[in-house]
$ cat coords_19.txt   # compact mmCIF, N, CA and C atoms
# COMPACT_ATOMS: atom_id res chain seq x y z
N MET A 456 33.94 85.31 14.71
CA MET A 456 34.60 86.39 15.42
C MET A 456 35.62 85.85 16.42
N ILE A 457 35.27 84.79 17.12
CA ILE A 457 36.19 84.21 18.10
C ILE A 457 37.46 83.72 17.41
N THR A 458 37.32 83.13 16.22
CA THR A 458 38.48 82.67 15.47
C THR A 458 39.39 83.83 15.11
N LYS A 459 38.81 84.97 14.72
CA LYS A 459 39.60 86.15 14.38
C LYS A 459 40.36 86.65 15.60
N ILE A 460 39.71 86.69 16.76
CA ILE A 460 40.36 87.14 18.00
C ILE A 460 41.51 86.20 18.35
N ARG A 461 41.28 84.89 18.22
CA ARG A 461 42.36 83.93 18.50
C ARG A 461 43.54 84.13 17.56
N ALA A 462 43.26 84.34 16.28
CA ALA A 462 44.33 84.56 15.30
C ALA A 462 45.11 85.82 15.63
N LEU A 463 44.42 86.91 15.99
CA LEU A 463 45.10 88.15 16.35
C LEU A 463 45.91 87.96 17.62
N THR A 464 45.37 87.21 18.57
CA THR A 464 46.08 86.96 19.83
C THR A 464 47.39 86.25 19.55
N GLU A 465 47.37 85.25 18.69
CA GLU A 465 48.60 84.53 18.34
C GLU A 465 49.59 85.46 17.64
N LEU A 466 49.10 86.30 16.75
CA LEU A 466 49.95 87.22 16.01
C LEU A 466 50.68 88.19 16.95
N HIS A 467 49.99 88.69 17.98
CA HIS A 467 50.55 89.73 18.84
C HIS A 467 51.08 89.20 20.17
N ARG A 468 51.03 87.89 20.38
CA ARG A 468 51.42 87.34 21.67
C ARG A 468 52.79 87.87 22.09
N SER A 469 52.85 88.36 23.27
CA SER A 469 54.06 88.87 23.93
C SER A 469 54.61 90.17 23.33
N ARG A 470 53.90 90.81 22.44
CA ARG A 470 54.30 92.12 21.95
C ARG A 470 53.98 93.14 23.04
N ARG A 471 54.90 94.03 23.30
CA ARG A 471 54.72 94.98 24.39
C ARG A 471 54.39 96.36 23.84
N VAL A 472 53.38 96.97 24.43
CA VAL A 472 52.97 98.32 24.03
C VAL A 472 52.72 99.15 25.28
N LEU A 473 53.16 100.38 25.24
CA LEU A 473 52.90 101.34 26.31
C LEU A 473 51.91 102.36 25.78
N VAL A 474 50.76 102.45 26.44
CA VAL A 474 49.70 103.38 26.04
C VAL A 474 49.80 104.63 26.90
N GLY A 475 49.98 105.79 26.27
CA GLY A 475 49.97 107.08 26.96
C GLY A 475 48.72 107.84 26.55
N GLU A 476 47.78 107.94 27.46
CA GLU A 476 46.49 108.59 27.17
C GLU A 476 45.95 109.19 28.46
N ASP A 477 45.63 110.50 28.44
CA ASP A 477 45.17 111.17 29.66
C ASP A 477 43.68 110.95 29.96
N ASP A 478 42.90 110.54 29.00
CA ASP A 478 41.49 110.25 29.23
C ASP A 478 41.39 108.86 29.88
N ASP A 479 40.96 108.82 31.15
CA ASP A 479 40.95 107.56 31.90
C ASP A 479 40.14 106.47 31.22
N VAL A 480 38.97 106.81 30.75
CA VAL A 480 38.09 105.81 30.13
C VAL A 480 38.73 105.25 28.86
N LEU A 481 39.23 106.13 28.01
CA LEU A 481 39.85 105.68 26.76
C LEU A 481 41.11 104.86 27.04
N ARG A 482 41.90 105.27 28.02
CA ARG A 482 43.12 104.52 28.37
C ARG A 482 42.77 103.09 28.77
N VAL A 483 41.74 102.93 29.60
CA VAL A 483 41.32 101.60 30.04
C VAL A 483 40.78 100.79 28.85
N LEU A 484 39.97 101.43 28.01
CA LEU A 484 39.42 100.72 26.85
C LEU A 484 40.52 100.26 25.90
N LEU A 485 41.48 101.14 25.64
CA LEU A 485 42.60 100.76 24.76
C LEU A 485 43.40 99.61 25.35
N ALA A 486 43.69 99.69 26.64
CA ALA A 486 44.46 98.63 27.30
C ALA A 486 43.70 97.30 27.24
N ARG A 487 42.41 97.32 27.50
CA ARG A 487 41.61 96.09 27.43
C ARG A 487 41.59 95.51 26.03
N ARG A 488 41.36 96.37 25.05
CA ARG A 488 41.29 95.90 23.66
C ARG A 488 42.62 95.28 23.24
N LEU A 489 43.71 95.96 23.54
CA LEU A 489 45.01 95.45 23.13
C LEU A 489 45.38 94.17 23.88
N THR A 490 45.01 94.09 25.14
CA THR A 490 45.25 92.88 25.91
C THR A 490 44.45 91.72 25.32
N ARG A 491 43.23 91.99 24.93
CA ARG A 491 42.35 90.95 24.37
C ARG A 491 42.94 90.35 23.09
N VAL A 492 43.66 91.15 22.31
CA VAL A 492 44.26 90.62 21.08
C VAL A 492 45.72 90.20 21.27
N GLY A 493 46.16 90.12 22.52
CA GLY A 493 47.43 89.50 22.80
C GLY A 493 48.60 90.38 23.16
N TYR A 494 48.42 91.68 23.22
CA TYR A 494 49.52 92.57 23.61
C TYR A 494 49.72 92.55 25.12
N LEU A 495 50.95 92.73 25.55
CA LEU A 495 51.26 93.00 26.95
C LEU A 495 51.24 94.51 27.07
N VAL A 496 50.35 95.05 27.90
CA VAL A 496 50.10 96.49 27.92
C VAL A 496 50.46 97.10 29.26
N ARG A 497 51.16 98.22 29.18
CA ARG A 497 51.31 99.11 30.34
C ARG A 497 50.68 100.43 29.92
N ALA A 498 50.21 101.19 30.90
CA ALA A 498 49.51 102.44 30.57
C ALA A 498 49.99 103.57 31.46
N ALA A 499 49.94 104.78 30.90
CA ALA A 499 50.34 105.99 31.61
C ALA A 499 49.32 107.09 31.32
N ALA A 500 49.12 107.95 32.32
CA ALA A 500 48.10 109.00 32.21
C ALA A 500 48.65 110.32 31.66
N ASP A 501 49.98 110.45 31.56
CA ASP A 501 50.55 111.69 31.02
C ASP A 501 51.95 111.41 30.48
N GLY A 502 52.49 112.39 29.81
CA GLY A 502 53.78 112.23 29.17
C GLY A 502 54.93 111.96 30.12
N GLU A 503 54.88 112.54 31.31
CA GLU A 503 55.94 112.29 32.30
C GLU A 503 55.91 110.85 32.76
N GLN A 504 54.72 110.29 32.96
CA GLN A 504 54.62 108.88 33.34
C GLN A 504 55.16 107.98 32.24
N VAL A 505 54.90 108.33 31.00
CA VAL A 505 55.45 107.56 29.88
C VAL A 505 56.97 107.55 29.97
N MET A 506 57.57 108.72 30.17
CA MET A 506 59.03 108.80 30.25
C MET A 506 59.56 107.99 31.42
N GLU A 507 58.90 108.06 32.57
CA GLU A 507 59.33 107.29 33.74
C GLU A 507 59.27 105.79 33.47
N LEU A 508 58.17 105.33 32.90
CA LEU A 508 58.04 103.91 32.58
C LEU A 508 59.09 103.47 31.57
N MET A 509 59.40 104.31 30.62
CA MET A 509 60.43 103.98 29.63
C MET A 509 61.82 103.91 30.29
N ARG A 510 62.07 104.81 31.22
CA ARG A 510 63.39 104.83 31.89
C ARG A 510 63.57 103.65 32.84
N HIS A 511 62.49 103.25 33.52
CA HIS A 511 62.63 102.26 34.59
C HIS A 511 61.93 100.94 34.31
N GLY A 512 61.55 100.72 33.07
CA GLY A 512 60.86 99.48 32.75
C GLY A 512 61.82 98.31 32.71
N GLU A 513 61.38 97.17 33.26
CA GLU A 513 62.20 95.97 33.22
C GLU A 513 62.26 95.42 31.80
N LEU A 514 61.14 95.49 31.12
CA LEU A 514 61.06 95.03 29.73
C LEU A 514 60.76 96.23 28.85
N PRO A 515 61.63 96.53 27.91
CA PRO A 515 61.36 97.69 27.06
C PRO A 515 60.17 97.45 26.14
N GLU A 516 59.40 98.49 25.92
CA GLU A 516 58.27 98.41 25.00
C GLU A 516 58.78 98.33 23.58
N GLU A 517 58.04 97.61 22.75
CA GLU A 517 58.36 97.56 21.33
C GLU A 517 57.66 98.69 20.61
N THR A 518 56.53 99.13 21.16
CA THR A 518 55.74 100.19 20.52
C THR A 518 55.13 101.09 21.57
N LEU A 519 55.08 102.38 21.26
CA LEU A 519 54.36 103.35 22.09
C LEU A 519 53.12 103.78 21.33
N LEU A 520 52.00 103.85 22.02
CA LEU A 520 50.77 104.41 21.48
C LEU A 520 50.48 105.64 22.33
N LEU A 521 50.67 106.83 21.76
CA LEU A 521 50.62 108.06 22.54
C LEU A 521 49.57 109.03 22.02
N ASP A 522 48.83 109.61 22.96
CA ASP A 522 47.95 110.73 22.62
C ASP A 522 48.85 111.94 22.39
N VAL A 523 48.52 112.73 21.41
CA VAL A 523 49.33 113.92 21.13
C VAL A 523 49.16 114.94 22.25
N HIS A 524 47.95 115.12 22.74
CA HIS A 524 47.67 116.16 23.75
C HIS A 524 47.50 115.53 25.12
N MET A 525 48.61 115.47 25.87
CA MET A 525 48.59 114.97 27.25
C MET A 525 49.19 116.03 28.16
N PRO A 526 48.82 115.98 29.44
CA PRO A 526 49.44 116.92 30.38
C PRO A 526 50.91 116.57 30.66
N LYS A 527 51.60 117.52 31.19
CA LYS A 527 53.01 117.44 31.61
C LYS A 527 53.97 117.35 30.43
N ARG A 528 53.77 116.43 29.51
CA ARG A 528 54.52 116.34 28.26
C ARG A 528 53.57 115.84 27.20
N THR A 529 53.56 116.49 26.07
CA THR A 529 52.70 116.02 24.98
C THR A 529 53.32 114.77 24.36
N GLY A 530 52.53 114.08 23.55
CA GLY A 530 53.05 112.93 22.85
C GLY A 530 54.24 113.29 21.98
N MET A 531 54.17 114.44 21.30
CA MET A 531 55.28 114.88 20.46
C MET A 531 56.52 115.18 21.30
N GLU A 532 56.35 115.80 22.46
CA GLU A 532 57.50 116.07 23.33
C GLU A 532 58.14 114.77 23.81
N VAL A 533 57.34 113.76 24.09
CA VAL A 533 57.87 112.45 24.48
C VAL A 533 58.70 111.88 23.33
N VAL A 534 58.15 111.90 22.13
CA VAL A 534 58.87 111.37 20.97
C VAL A 534 60.18 112.13 20.76
N GLN A 535 60.14 113.47 20.84
CA GLN A 535 61.35 114.27 20.66
C GLN A 535 62.41 113.90 21.69
N ALA A 536 61.99 113.75 22.95
CA ALA A 536 62.94 113.40 24.01
C ALA A 536 63.53 112.01 23.79
N LEU A 537 62.70 111.07 23.39
CA LEU A 537 63.20 109.71 23.15
C LEU A 537 64.16 109.68 21.97
N ARG A 538 63.83 110.39 20.90
CA ARG A 538 64.72 110.41 19.74
C ARG A 538 66.04 111.10 20.09
N ALA A 539 65.97 112.16 20.89
CA ALA A 539 67.19 112.86 21.31
C ALA A 539 68.10 111.96 22.15
N SER A 540 67.48 111.01 22.87
CA SER A 540 68.27 110.08 23.69
C SER A 540 68.74 108.87 22.89
N GLY A 541 68.38 108.82 21.61
CA GLY A 541 68.82 107.72 20.76
C GLY A 541 67.84 106.57 20.65
N SER A 542 66.69 106.67 21.28
CA SER A 542 65.70 105.60 21.24
C SER A 542 65.11 105.47 19.84
N ARG A 543 64.98 104.22 19.41
CA ARG A 543 64.38 103.93 18.11
C ARG A 543 63.06 103.19 18.28
N VAL A 544 62.46 103.30 19.45
CA VAL A 544 61.19 102.61 19.72
C VAL A 544 60.14 103.05 18.69
N ALA A 545 59.32 102.10 18.27
CA ALA A 545 58.26 102.40 17.32
C ALA A 545 57.17 103.21 18.02
N VAL A 546 56.61 104.20 17.31
CA VAL A 546 55.61 105.09 17.90
C VAL A 546 54.42 105.24 16.96
N VAL A 547 53.23 105.15 17.56
CA VAL A 547 51.98 105.49 16.89
C VAL A 547 51.35 106.60 17.72
N LEU A 548 51.01 107.71 17.07
CA LEU A 548 50.35 108.82 17.75
C LEU A 548 48.86 108.78 17.45
N MET A 549 48.08 109.36 18.35
CA MET A 549 46.64 109.48 18.13
C MET A 549 46.18 110.84 18.63
N SER A 550 45.22 111.42 17.91
CA SER A 550 44.73 112.73 18.28
C SER A 550 43.37 113.00 17.66
N ALA A 551 42.57 113.76 18.35
CA ALA A 551 41.29 114.22 17.81
C ALA A 551 41.50 115.48 16.97
N TYR A 552 42.71 116.04 17.04
CA TYR A 552 42.99 117.31 16.35
C TYR A 552 44.25 117.21 15.51
N THR A 553 44.23 116.38 14.48
CA THR A 553 45.42 116.25 13.65
C THR A 553 45.42 117.31 12.54
N THR A 554 46.60 117.71 12.18
CA THR A 554 46.79 118.65 11.07
C THR A 554 47.87 118.08 10.16
N ASP A 555 47.97 118.64 8.97
CA ASP A 555 49.04 118.22 8.06
C ASP A 555 50.41 118.52 8.67
N GLU A 556 50.51 119.65 9.39
CA GLU A 556 51.79 120.02 10.02
C GLU A 556 52.18 119.01 11.10
N LEU A 557 51.20 118.58 11.89
CA LEU A 557 51.46 117.59 12.93
C LEU A 557 51.93 116.29 12.30
N LYS A 558 51.26 115.86 11.25
CA LYS A 558 51.64 114.61 10.59
C LYS A 558 53.04 114.71 9.98
N ALA A 559 53.37 115.86 9.41
CA ALA A 559 54.70 116.06 8.84
C ALA A 559 55.77 116.03 9.93
N GLU A 560 55.50 116.71 11.03
CA GLU A 560 56.47 116.70 12.14
C GLU A 560 56.63 115.29 12.69
N ALA A 561 55.53 114.58 12.83
CA ALA A 561 55.59 113.20 13.32
C ALA A 561 56.44 112.34 12.39
N ARG A 562 56.23 112.46 11.08
CA ARG A 562 57.03 111.70 10.11
C ARG A 562 58.52 112.04 10.24
N SER A 563 58.81 113.32 10.48
CA SER A 563 60.21 113.74 10.59
C SER A 563 60.90 113.14 11.82
N LEU A 564 60.11 112.68 12.77
CA LEU A 564 60.64 112.03 13.98
C LEU A 564 60.57 110.51 13.91
N GLY A 565 60.15 109.98 12.76
CA GLY A 565 60.10 108.53 12.61
C GLY A 565 58.87 107.89 13.20
N VAL A 566 57.80 108.65 13.38
CA VAL A 566 56.55 108.09 13.89
C VAL A 566 55.92 107.24 12.79
N ALA A 567 55.47 106.05 13.16
CA ALA A 567 54.93 105.10 12.18
C ALA A 567 53.58 105.53 11.63
N ALA A 568 52.72 106.08 12.49
CA ALA A 568 51.36 106.45 12.05
C ALA A 568 50.79 107.48 13.01
N VAL A 569 49.87 108.28 12.49
CA VAL A 569 49.09 109.20 13.31
C VAL A 569 47.63 108.85 13.07
N LEU A 570 46.98 108.37 14.12
CA LEU A 570 45.57 107.98 14.02
C LEU A 570 44.67 109.14 14.40
N ASP A 571 43.64 109.36 13.61
CA ASP A 571 42.64 110.38 13.91
C ASP A 571 41.57 109.78 14.81
N LYS A 572 41.39 110.37 16.01
CA LYS A 572 40.31 109.92 16.89
C LYS A 572 38.99 110.48 16.39
N PRO A 573 37.94 109.75 16.46
CA PRO A 573 37.87 108.34 16.86
C PRO A 573 38.34 107.44 15.73
N PHE A 574 38.87 106.27 16.08
CA PHE A 574 39.33 105.33 15.08
C PHE A 574 38.76 103.95 15.37
N GLU A 575 38.71 103.14 14.34
CA GLU A 575 38.23 101.77 14.47
C GLU A 575 39.33 100.91 15.10
N SER A 576 38.94 99.87 15.81
CA SER A 576 39.94 99.00 16.43
C SER A 576 40.81 98.32 15.38
N THR A 577 40.26 98.06 14.20
CA THR A 577 41.07 97.45 13.14
C THR A 577 42.17 98.41 12.67
N SER A 578 41.88 99.71 12.63
CA SER A 578 42.90 100.70 12.26
C SER A 578 44.01 100.73 13.29
N LEU A 579 43.63 100.66 14.55
CA LEU A 579 44.61 100.64 15.63
C LEU A 579 45.49 99.40 15.53
N GLU A 580 44.87 98.25 15.37
CA GLU A 580 45.62 97.00 15.31
C GLU A 580 46.56 96.97 14.11
N THR A 581 46.10 97.47 12.98
CA THR A 581 46.95 97.53 11.79
C THR A 581 48.13 98.47 12.01
N ALA A 582 47.87 99.65 12.58
CA ALA A 582 48.95 100.61 12.84
C ALA A 582 49.99 100.01 13.79
N LEU A 583 49.54 99.34 14.84
CA LEU A 583 50.49 98.76 15.79
C LEU A 583 51.24 97.58 15.17
N ALA A 584 50.55 96.77 14.38
CA ALA A 584 51.20 95.61 13.75
C ALA A 584 52.31 96.06 12.80
N ASN A 585 52.12 97.20 12.14
CA ASN A 585 53.09 97.69 11.17
C ASN A 585 54.07 98.71 11.76
N ALA A 586 53.88 99.09 13.01
CA ALA A 586 54.63 100.21 13.60
C ALA A 586 56.13 100.00 13.59
N GLU A 587 56.59 98.83 14.00
CA GLU A 587 58.05 98.63 14.07
C GLU A 587 58.69 98.77 12.70
N THR A 588 58.10 98.15 11.69
CA THR A 588 58.66 98.22 10.34
C THR A 588 58.62 99.64 9.81
N LEU A 589 57.46 100.31 9.96
CA LEU A 589 57.33 101.66 9.44
C LEU A 589 58.24 102.64 10.16
N SER A 590 58.37 102.52 11.49
CA SER A 590 59.27 103.41 12.23
C SER A 590 60.72 103.17 11.82
N ALA A 591 61.09 101.91 11.66
CA ALA A 591 62.47 101.61 11.26
C ALA A 591 62.78 102.21 9.90
N LEU A 592 61.84 102.09 8.96
CA LEU A 592 62.04 102.68 7.63
C LEU A 592 62.13 104.19 7.70
N ALA A 593 61.23 104.81 8.47
CA ALA A 593 61.24 106.27 8.58
C ALA A 593 62.54 106.75 9.23
N LEU A 594 62.99 106.07 10.27
CA LEU A 594 64.23 106.48 10.93
C LEU A 594 65.44 106.28 10.02
N ALA A 595 65.44 105.22 9.25
CA ALA A 595 66.54 105.00 8.29
C ALA A 595 66.55 106.10 7.24
N GLU A 596 65.39 106.49 6.77
CA GLU A 596 65.28 107.58 5.80
C GLU A 596 65.82 108.89 6.38
N ILE A 597 65.51 109.15 7.64
CA ILE A 597 65.98 110.36 8.31
C ILE A 597 67.51 110.33 8.42
N MET A 598 68.07 109.17 8.78
CA MET A 598 69.52 109.06 8.89
C MET A 598 70.20 109.31 7.55
N VAL A 599 69.66 108.74 6.49
CA VAL A 599 70.23 108.95 5.15
C VAL A 599 70.16 110.42 4.77
N ARG A 600 69.03 111.05 5.04
CA ARG A 600 68.86 112.47 4.71
C ARG A 600 69.85 113.31 5.51
N ASP A 601 70.01 113.01 6.81
CA ASP A 601 70.93 113.78 7.64
C ASP A 601 72.38 113.60 7.22
N ARG A 602 72.75 112.40 6.78
CA ARG A 602 74.13 112.16 6.32
C ARG A 602 74.42 112.90 5.02
N ALA A 603 73.39 113.08 4.21
CA ALA A 603 73.56 113.76 2.92
C ALA A 603 73.78 115.26 3.10
N ARG A 604 73.44 115.79 4.25
CA ARG A 604 73.59 117.23 4.50
C ARG A 604 75.00 117.61 4.78
$ encode --input "coords_19.txt" --output "structure tokens"
Amino acid sequence: MITKIRALTELHRSRRVLVGEDDDVLRVLLARRLTRVGYLVRAAADGEQVMELMRHGELPEETLLLDVHMPKRTGMEVVQALRASGSRVAVVLMSAYTTDELKAEARSLGVAAVLDKPFESTSLETALANAETLSALALAEIMVRDRAR
């Protein structure tokens, strides 16, 4: 197990992720887990804090891990605002209440993955590891579709 953690730490070393989660306990657990496998983590308790950290961060995040249902701004509202501003940051959403409509809307905004809570740490790590590539592909697909209109 220690060898696996070391390998994951090397894989994710210096990758930056911003966790937006309103549940204090879960936010701390996610931050600890991601830090343990090598991510540099910042955390926010609501959607407005996520936006503030994105606007004023010295180092831009490579990936956002956002709860769909947060106070002040939902995860989807954060993604919509970021996309409207031209941001192509990779996004992984998480929710205890996912629907096909939510997943479709998330895909239309270039979200890399929507995780159903509760999820295994391996699912989280896989989603984050693939997030940049999947978001880039989804956003490119959206651009092609929009140009064809």
$ residues_around --input "coords_19.txt" --residues "stretch 494-500 of chain A" --least-positions-apart "2" --cutoff "7 Å" --atoms "only C-alpha atoms" --output "PDB file with N, CA and C atoms, in the coordinates of the input"
ATOM      1  N   HIS A 467      49.990  88.690  17.980  1.00  0.00           N
ATOM      2  CA  HIS A 467      50.550  89.730  18.840  1.00  0.00           C
ATOM      3  C   HIS A 467      51.080  89.200  20.170  1.00  0.00           C
ATOM      4  N   ARG A 468      51.030  87.890  20.380  1.00  0.00           N
ATOM      5  CA  ARG A 468      51.420  87.340  21.670  1.00  0.00           C
ATOM      6  C   ARG A 468      52.790  87.870  22.090  1.00  0.00           C
ATOM      7  N   SER A 469      52.850  88.360  23.270  1.00  0.00           N
ATOM      8  CA  SER A 469      54.060  88.870  23.930  1.00  0.00           C
ATOM      9  C   SER A 469      54.610  90.170  23.330  1.00  0.00           C
ATOM     10  N   ARG A 470      53.900  90.810  22.440  1.00  0.00           N
ATOM     11  CA  ARG A 470      54.300  92.120  21.950  1.00  0.00           C
ATOM     12  C   ARG A 470      53.980  93.140  23.040  1.00  0.00           C
ATOM     13  N   ARG A 471      54.900  94.030  23.300  1.00  0.00           N
ATOM     14  CA  ARG A 471      54.720  94.980  24.390  1.00  0.00           C
ATOM     15  C   ARG A 471      54.390  96.360  23.840  1.00  0.00           C
ATOM     16  N   VAL A 472      53.380  96.970  24.430  1.00  0.00           N
ATOM     17  CA  VAL A 472      52.970  98.320  24.030  1.00  0.00           C
ATOM     18  C   VAL A 472      52.720  99.150  25.280  1.00  0.00           C
ATOM     19  N   LEU A 473      53.160 100.380  25.240  1.00  0.00           N
ATOM     20  CA  LEU A 473      52.900 101.340  26.310  1.00  0.00           C
ATOM     21  C   LEU A 473      51.910 102.360  25.780  1.00  0.00           C
ATOM     22  N   VAL A 474      50.760 102.450  26.440  1.00  0.00           N
ATOM     23  CA  VAL A 474      49.700 103.380  26.040  1.00  0.00           C
ATOM     24  C   VAL A 474      49.800 104.630  26.900  1.00  0.00           C
ATOM     25  N   GLY A 475      49.980 105.790  26.270  1.00  0.00           N
ATOM     26  CA  GLY A 475      49.970 107.080  26.960  1.00  0.00           C
ATOM     27  C   GLY A 475      48.720 107.840  26.550  1.00  0.00           C
ATOM     28  N   GLU A 476      47.780 107.940  27.460  1.00  0.00           N
ATOM     29  CA  GLU A 476      46.490 108.590  27.170  1.00  0.00           C
ATOM     30  C   GLU A 476      45.950 109.190  28.460  1.00  0.00           C
ATOM     31  N   ASP A 477      45.630 110.500  28.440  1.00  0.00           N
ATOM     32  CA  ASP A 477      45.170 111.170  29.660  1.00  0.00           C
ATOM     33  C   ASP A 477      43.680 110.950  29.960  1.00  0.00           C
ATOM     34  N   ALA A 486      43.690  99.690  26.640  1.00  0.00           N
ATOM     35  CA  ALA A 486      44.460  98.630  27.300  1.00  0.00           C
ATOM     36  C   ALA A 486      43.700  97.300  27.240  1.00  0.00           C
ATOM     37  N   LEU A 489      43.710  95.960  23.540  1.00  0.00           N
ATOM     38  CA  LEU A 489      45.010  95.450  23.130  1.00  0.00           C
ATOM     39  C   LEU A 489      45.380  94.170  23.880  1.00  0.00           C
ATOM     40  N   THR A 490      45.010  94.090  25.140  1.00  0.00           N
ATOM     41  CA  THR A 490      45.250  92.880  25.910  1.00  0.00           C
ATOM     42  C   THR A 490      44.450  91.720  25.320  1.00  0.00           C
ATOM     43  N   VAL A 492      43.660  91.150  22.310  1.00  0.00           N
ATOM     44  CA  VAL A 492      44.260  90.620  21.080  1.00  0.00           C
ATOM     45  C   VAL A 492      45.720  90.200  21.270  1.00  0.00           C
ATOM     46  N   GLN A 504      54.720 110.290  32.960  1.00  0.00           N
ATOM     47  CA  GLN A 504      54.620 108.880  33.340  1.00  0.00           C
ATOM     48  C   GLN A 504      55.160 107.980  32.240  1.00  0.00           C
ATOM     49  N   VAL A 505      54.900 108.330  31.000  1.00  0.00           N
ATOM     50  CA  VAL A 505      55.450 107.560  29.880  1.00  0.00           C
ATOM     51  C   VAL A 505      56.970 107.550  29.970  1.00  0.00           C
TER      52      VAL A 505
END
$ select_by_dssp --input "coords_19.txt" --residues "stretch 502-556 of chain A" --states "strand (DSSP E or B)" --output "list of chain:residue names"
A:Thr518, A:Leu519, A:Leu520, A:Leu521, A:Asp522, A:Ala545, A:Val546, A:Val547, A:Leu548, A:Met549, A:Ser550
$ residues_around --input "coords_19.txt" --residues "A:Met525" --least-positions-apart "4" --cutoff "6 Å" --atoms "only N, CA and C atoms" --output "compact mmCIF listing (two decimals) with N, CA and C atoms, keeping the file's coordinate frame"
# COMPACT_ATOMS: atom_id res chain seq x y z
N ASP A 477 45.63 110.50 28.44
CA ASP A 477 45.17 111.17 29.66
C ASP A 477 43.68 110.95 29.96
N ASP A 501 49.98 110.45 31.56
CA ASP A 501 50.55 111.69 31.02
C ASP A 501 51.95 111.41 30.48
N GLY A 502 52.49 112.39 29.81
CA GLY A 502 53.78 112.23 29.17
C GLY A 502 54.93 111.96 30.12
N THR A 529 53.56 116.49 26.07
CA THR A 529 52.70 116.02 24.98
C THR A 529 53.32 114.77 24.36
N GLY A 530 52.53 114.08 23.55
CA GLY A 530 53.05 112.93 22.85
C GLY A 530 54.24 113.29 21.98
$ closest_residue --input "coords_19.txt" --among "A:Ser550, A:Glu516, A:Leu583, A:Ala545" --to "A:Asp571" --atoms "only N, CA and C atoms"
A:Ser550
$ atom_distance --input "coords_19.txt" --atom1 "atom C of A:Leu592" --atom2 "atom C of A:Arg487"
28.9 Å
$ atom_distance --input "coords_19.txt" --atom1 "atom CA of A:Ala561" --atom2 "atom CA of A:Met531"
7.3 Å
$ decode --input "coords_19.txt" --residues "stretch 469-481 of chain A" --atoms "N, CA and C atoms" --output "short mmCIF file (atom, residue, chain, number, x, y, z; two decimals), in the first residue's frame"
data_model
loop_
_atom_site.label_atom_id
_atom_site.label_comp_id
_atom_site.auth_asym_id
_atom_site.auth_seq_id
_atom_site.Cartn_x
_atom_site.Cartn_y
_atom_site.Cartn_z
N SER A 469 2.69 18.33 -7.46
CA SER A 469 2.52 19.73 -7.87
C SER A 469 1.27 19.99 -8.72
N ARG A 470 0.39 19.04 -8.87
CA ARG A 470 -0.88 19.29 -9.54
C ARG A 470 -1.77 20.07 -8.57
N ARG A 471 -2.42 21.08 -9.07
CA ARG A 471 -3.22 21.94 -8.21
C ARG A 471 -4.71 21.66 -8.41
N VAL A 472 -5.40 21.53 -7.29
CA VAL A 472 -6.85 21.29 -7.34
C VAL A 472 -7.52 22.18 -6.30
N LEU A 473 -8.65 22.74 -6.68
CA LEU A 473 -9.47 23.54 -5.77
C LEU A 473 -10.72 22.73 -5.48
N VAL A 474 -10.93 22.43 -4.21
CA VAL A 474 -12.09 21.66 -3.77
C VAL A 474 -13.16 22.62 -3.28
N GLY A 475 -14.35 22.57 -3.88
CA GLY A 475 -15.50 23.35 -3.43
C GLY A 475 -16.53 22.40 -2.87
N GLU A 476 -16.68 22.41 -1.55
CA GLU A 476 -17.60 21.49 -0.87
C GLU A 476 -18.10 22.16 0.40
N ASP A 477 -19.43 22.24 0.57
CA ASP A 477 -19.99 22.93 1.73
C ASP A 477 -20.01 22.07 3.01
N ASP A 478 -19.90 20.78 2.90
CA ASP A 478 -19.85 19.91 4.08
C ASP A 478 -18.43 19.96 4.64
N ASP A 479 -18.29 20.55 5.84
CA ASP A 479 -16.97 20.76 6.42
C ASP A 479 -16.16 19.48 6.56
N VAL A 480 -16.77 18.44 7.04
CA VAL A 480 -16.06 17.18 7.26
C VAL A 480 -15.58 16.60 5.93
N LEU A 481 -16.46 16.56 4.95
CA LEU A 481 -16.09 16.01 3.64
C LEU A 481 -15.01 16.86 2.98
#
